[in-house]
Amino acid sequence: MRQRVVITGMGCVSGLGKGVEANWTALRDGAGAIRPIAREGMEGIASWIAADDSATSRLSSTDLRPLGKLDPLSLHALEAASEAVAQSGLSGHRVLHDRTAILMGCGSGGNATIDTAYQRLFGQGQAKVHPQTIPASMIAAPAAQIAMMLKVHGPTFTLSSACASSAHALGEAMHMIRSGRVDVAIAGGAEACLSQGSWTAWRSLGVLAPDACRPFSVDRKGMVLGEGAAVLVLESEAHAAARGATVLAELAGYGASSDAAHMTAPDVTGIAAAIRAAHEDARLDIDEPALISAHGTGTQLNDPAEAAAMRAVYDTALDRHRVIATKSAHGHMIGAAGAVEFLLGVRSLVEGIAPPILNHLGTPPDCALPLVLSRQAIDHEVLVSNSFAFGGLNAVLIGRKP
Amino acid sequence: MTNEDIMALIAQETGIERERLQPDATLATLDISSIDLVSMLFEIEDRFGVEIQPEDIPPDSTLQQLIDRITAGAGA
């Protein structure tokens, strides 16, 4: 019999706030974090984290000093990891020493650090950049710094699959526990894409909405970027039980697929394959009522493709499910998206409350789904959380109430 | 450029509290690593226009020796 994997800690930071409680409360109450961005060189809307929001940080200068120069990407990741590990009760536990893995998902590295270096180099014609530009901006930095902060000596790395990075990280971490390689995994993702260079590149791609994120809606004009991090503590059920830990939920399944078709256009067949694989892995029938946290970006291409994939998989059982799309509140957090959406979906299940999809102006026929358009009470036992990425990289996670 | 300007910069680059940065403390006793030193020298060059090679500042150097070196470089 395979080892069940449970969640014993969660932490996150996003434009909605710092900490799971702040994020959940805002989401539940229909608050959105998308607003005009107040950063130099950037015009438009995003779900951004104010720089002066450090008053409530869990991180002390004693924690941070040995970690070197920190990009906002690392600060977000460390904040979320601190919260998750504190909740799990594993701070200082011997399991962290050698039976714990760290898997972080990031779409890109420390963009602000790279911007600063390039500004000196190309903007000011300087010959040198800050000596810590490489270690501070590398995509592996958040995973390494979490390990240093918590003294985790097990397998530690960052994986990257664009907008599905942290869903893949959680899924692969689940398999590391199932296979017995580790007893605990600290897994999730982080992204800090709201710096001028990254922002300009996203704008140039022509996928950013000027007004709002409107998943599965008429008049949707694109995605809205967000930043932040979400980290979960995963643990074998046996290990959690042996130490009397509180189990928040189970990470019951993971399905991954690659469209192998197009760099930016989603593929219905590939998406459906990932959803089916997740159900099979969790041994979850497609007609068991589920809360579905959609990828739901609000772009022209994603939403109808995702809806078509759900119709293909669930067929006549579709209306038993309820579909939420939390990017309408916290924006598209790229590498952190899969983890933050799974985390908030788990919280929805446990609370028995489905948060509303914001900014919805009406459903076009090709996006017809059982959408949650105003907050509603739910009694679902399971969560299906979809993440689909550029490159056709798909990952679907399944959570279950404890 | 005052001694206090330099101390403030060292505090900022190393993350060490200003109170701990006494003139007779050495880089080694303050646990200032080579990457911290290189980062500090980068900022000093940027801010004060004084270029110092990290190999000229061994770990047993005191902060006062570092400050003297910077001040001498600025005066040169």
# chains A, B, ... in the order shown; residues from 1 in each chain; ligands from 1
call {"tool": "select_by_dssp", "arguments": {"residues": "region 330-379 of chain A", "states": "alpha helix (DSSP H)", "output": "ChimeraX atom specification"}}
result
/A:330,337-351
call {"tool": "write_last_selection", "arguments": {"atoms": "all heavy atoms", "output": "tab-separated table (two decimals), in the first residue's frame"}}
result
chain	number	residue	atom	x	y	z
A	330	HIS	N	-5.81	37.55	-7.17
A	330	HIS	CA	-4.37	37.72	-6.88
A	330	HIS	C	-3.50	37.80	-8.12
A	330	HIS	O	-2.27	37.85	-8.03
A	330	HIS	CB	-3.85	36.62	-5.94
A	330	HIS	CG	-4.14	35.22	-6.41
A	330	HIS	ND1	-3.62	34.72	-7.57
A	330	HIS	CD2	-4.89	34.24	-5.86
A	330	HIS	CE1	-4.05	33.46	-7.72
A	330	HIS	NE2	-4.83	33.15	-6.70
A	337	ALA	N	1.93	30.46	-9.07
A	337	ALA	CA	0.48	30.35	-9.28
A	337	ALA	C	-0.08	29.00	-8.83
A	337	ALA	O	-1.07	28.94	-8.10
A	337	ALA	CB	0.15	30.60	-10.76
A	338	GLY	N	0.52	27.92	-9.27
A	338	GLY	CA	-0.01	26.59	-8.96
A	338	GLY	C	-0.10	26.34	-7.47
A	338	GLY	O	-1.11	25.81	-6.97
A	339	ALA	N	0.92	26.74	-6.74
A	339	ALA	CA	0.95	26.50	-5.29
A	339	ALA	C	-0.04	27.40	-4.56
A	339	ALA	O	-0.74	26.96	-3.66
A	339	ALA	CB	2.36	26.69	-4.73
A	340	VAL	N	-0.11	28.68	-4.94
A	340	VAL	CA	-1.01	29.58	-4.21
A	340	VAL	C	-2.46	29.19	-4.48
A	340	VAL	O	-3.31	29.24	-3.59
A	340	VAL	CB	-0.72	31.07	-4.52
A	340	VAL	CG1	-1.32	31.53	-5.84
A	340	VAL	CG2	-1.25	31.95	-3.40
A	341	GLU	N	-2.74	28.75	-5.71
A	341	GLU	CA	-4.12	28.36	-6.03
A	341	GLU	C	-4.50	27.05	-5.35
A	341	GLU	O	-5.63	26.89	-4.87
A	341	GLU	CB	-4.28	28.30	-7.55
A	341	GLU	CG	-4.28	29.70	-8.16
A	341	GLU	CD	-3.95	29.75	-9.64
A	341	GLU	OE1	-4.13	28.74	-10.34
A	341	GLU	OE2	-3.48	30.81	-10.09
A	342	PHE	N	-3.56	26.10	-5.29
A	342	PHE	CA	-3.84	24.85	-4.57
A	342	PHE	C	-4.06	25.15	-3.09
A	342	PHE	O	-5.01	24.66	-2.47
A	342	PHE	CB	-2.68	23.87	-4.77
A	342	PHE	CG	-2.88	22.57	-4.06
A	342	PHE	CD1	-3.78	21.63	-4.52
A	342	PHE	CD2	-2.17	22.28	-2.90
A	342	PHE	CE1	-3.99	20.43	-3.86
A	342	PHE	CE2	-2.36	21.08	-2.22
A	342	PHE	CZ	-3.27	20.15	-2.70
A	343	LEU	N	-3.20	25.99	-2.53
A	343	LEU	CA	-3.31	26.35	-1.11
A	343	LEU	C	-4.66	27.00	-0.80
A	343	LEU	O	-5.35	26.61	0.15
A	343	LEU	CB	-2.14	27.29	-0.77
A	343	LEU	CG	-1.96	27.86	0.64
A	343	LEU	CD1	-0.52	28.33	0.81
A	343	LEU	CD2	-2.91	28.99	0.96
A	344	LEU	N	-5.05	27.97	-1.62
A	344	LEU	CA	-6.33	28.66	-1.38
A	344	LEU	C	-7.51	27.73	-1.65
A	344	LEU	O	-8.55	27.83	-0.98
A	344	LEU	CB	-6.41	29.93	-2.23
A	344	LEU	CG	-5.42	31.04	-1.83
A	344	LEU	CD1	-5.35	32.14	-2.88
A	344	LEU	CD2	-5.78	31.62	-0.46
A	345	GLY	N	-7.35	26.81	-2.60
A	345	GLY	CA	-8.39	25.82	-2.87
A	345	GLY	C	-8.57	24.87	-1.69
A	345	GLY	O	-9.70	24.54	-1.30
A	346	VAL	N	-7.47	24.46	-1.09
A	346	VAL	CA	-7.52	23.60	0.10
A	346	VAL	C	-8.24	24.32	1.23
A	346	VAL	O	-9.11	23.76	1.91
A	346	VAL	CB	-6.08	23.19	0.54
A	346	VAL	CG1	-6.07	22.69	1.97
A	346	VAL	CG2	-5.52	22.13	-0.40
A	347	ARG	N	-7.90	25.59	1.39
A	347	ARG	CA	-8.54	26.38	2.44
A	347	ARG	C	-10.05	26.50	2.19
A	347	ARG	O	-10.85	26.41	3.13
A	347	ARG	CB	-7.87	27.75	2.52
A	347	ARG	CG	-8.32	28.60	3.68
A	347	ARG	CD	-7.93	28.00	5.02
A	347	ARG	NE	-8.57	28.72	6.10
A	347	ARG	CZ	-7.97	29.68	6.83
A	347	ARG	NH1	-6.71	29.98	6.62
A	347	ARG	NH2	-8.64	30.30	7.78
A	348	SER	N	-10.43	26.68	0.92
A	348	SER	CA	-11.85	26.75	0.56
A	348	SER	C	-12.57	25.47	0.95
A	348	SER	O	-13.68	25.51	1.52
A	348	SER	CB	-12.02	26.95	-0.96
A	348	SER	OG	-11.40	28.11	-1.39
A	349	LEU	N	-11.95	24.33	0.63
A	349	LEU	CA	-12.54	23.02	0.97
A	349	LEU	C	-12.78	22.90	2.46
A	349	LEU	O	-13.86	22.52	2.91
A	349	LEU	CB	-11.55	21.90	0.62
A	349	LEU	CG	-11.52	21.19	-0.71
A	349	LEU	CD1	-10.66	19.96	-0.58
A	349	LEU	CD2	-12.90	20.86	-1.22
A	350	VAL	N	-11.72	23.22	3.21
A	350	VAL	CA	-11.77	23.05	4.66
A	350	VAL	C	-12.80	23.99	5.28
A	350	VAL	O	-13.53	23.62	6.20
A	350	VAL	CB	-10.36	23.30	5.26
A	350	VAL	CG1	-10.40	23.32	6.77
A	350	VAL	CG2	-9.39	22.22	4.76
A	351	GLU	N	-12.88	25.22	4.74
A	351	GLU	CA	-13.84	26.20	5.27
A	351	GLU	C	-15.26	25.91	4.78
A	351	GLU	O	-16.22	26.43	5.35
A	351	GLU	CB	-13.44	27.62	4.85
A	351	GLU	CG	-12.09	28.08	5.38
A	351	GLU	CD	-12.15	28.53	6.84
A	351	GLU	OE1	-13.26	28.75	7.36
A	351	GLU	OE2	-11.07	28.66	7.45
call {"tool": "interface_residues", "arguments": {"of": "chain B", "to": "chain A", "cutoff": "10 Å", "atoms": "only C-alpha atoms", "output": "NGL selection string"}}
result
:B and (13-17 or 31-33 or 35-43 or 46)
call {"tool": "write_last_selection", "arguments": {"atoms": "N, CA and C atoms", "output": "compact mmCIF listing (two decimals), in the first residue's frame"}}
result
# COMPACT_ATOMS: atom_id res chain seq x y z
N GLU B 13 25.86 46.73 3.83
CA GLU B 13 26.27 45.64 2.93
C GLU B 13 26.43 44.30 3.63
N THR B 14 26.76 44.33 4.93
CA THR B 14 26.98 43.06 5.64
C THR B 14 25.77 42.63 6.45
N GLY B 15 24.83 43.55 6.68
CA GLY B 15 23.68 43.22 7.52
C GLY B 15 24.04 43.14 9.00
N ILE B 16 25.23 43.60 9.38
CA ILE B 16 25.64 43.61 10.79
C ILE B 16 25.17 44.91 11.44
N GLU B 17 24.63 44.81 12.67
CA GLU B 17 24.14 46.00 13.35
C GLU B 17 25.28 47.00 13.53
N ASP B 31 32.90 38.03 11.30
CA ASP B 31 32.37 37.00 10.40
C ASP B 31 31.97 37.60 9.05
N ILE B 32 32.79 38.55 8.59
CA ILE B 32 32.55 39.13 7.26
C ILE B 32 33.26 38.25 6.24
N SER B 33 32.50 37.57 5.41
CA SER B 33 33.06 36.60 4.46
C SER B 33 33.67 37.31 3.26
N ILE B 35 32.80 37.12 0.19
CA ILE B 35 31.77 37.68 -0.72
C ILE B 35 31.18 38.97 -0.13
N ASP B 36 31.07 39.02 1.21
CA ASP B 36 30.63 40.28 1.86
C ASP B 36 31.65 41.39 1.58
N LEU B 37 32.94 41.01 1.69
CA LEU B 37 34.00 42.00 1.49
C LEU B 37 33.97 42.53 0.05
N VAL B 38 33.83 41.62 -0.91
CA VAL B 38 33.80 42.02 -2.31
C VAL B 38 32.60 42.94 -2.57
N SER B 39 31.46 42.61 -1.96
CA SER B 39 30.26 43.43 -2.13
C SER B 39 30.47 44.82 -1.54
N MET B 40 31.12 44.85 -0.35
CA MET B 40 31.41 46.11 0.32
C MET B 40 32.34 46.98 -0.53
N LEU B 41 33.39 46.37 -1.06
CA LEU B 41 34.37 47.13 -1.86
C LEU B 41 33.73 47.65 -3.14
N PHE B 42 32.79 46.87 -3.68
CA PHE B 42 32.04 47.31 -4.87
C PHE B 42 31.26 48.59 -4.56
N GLU B 43 30.56 48.58 -3.42
CA GLU B 43 29.77 49.76 -3.04
C GLU B 43 30.66 50.95 -2.72
N ASP B 46 31.79 52.45 -5.88
CA ASP B 46 30.65 53.12 -6.51
C ASP B 46 30.38 54.47 -5.85
call {"tool": "atom_distance", "arguments": {"atom1": "CA of Ile275 (chain A)", "atom2": "CA of Gly255 (chain A)"}}
result
6.3 Å
call {"tool": "residues_around", "arguments": {"residues": "His97 (chain A)", "least_positions_apart": "2", "cutoff": "6 Å", "atoms": "only C-alpha atoms", "output": "list in words"}}
result
Arg94, Val95, Val152 and His153 of chain A
call {"tool": "residues_around", "arguments": {"residues": "Thr25 (chain A)", "least_positions_apart": "2", "cutoff": "12 Å", "atoms": "only C-alpha atoms", "output": "list in words"}}
result
Leu16, Gly17, Lys18, Gly19, Val20, Glu21, Ala22, Asn23, Leu27, Arg28, Asp29, Gly30, Ala31, Gly32, Ala329, Leu344, Arg347, Ser348, Glu351, Ile353, Ala354 and Pro355 of chain A
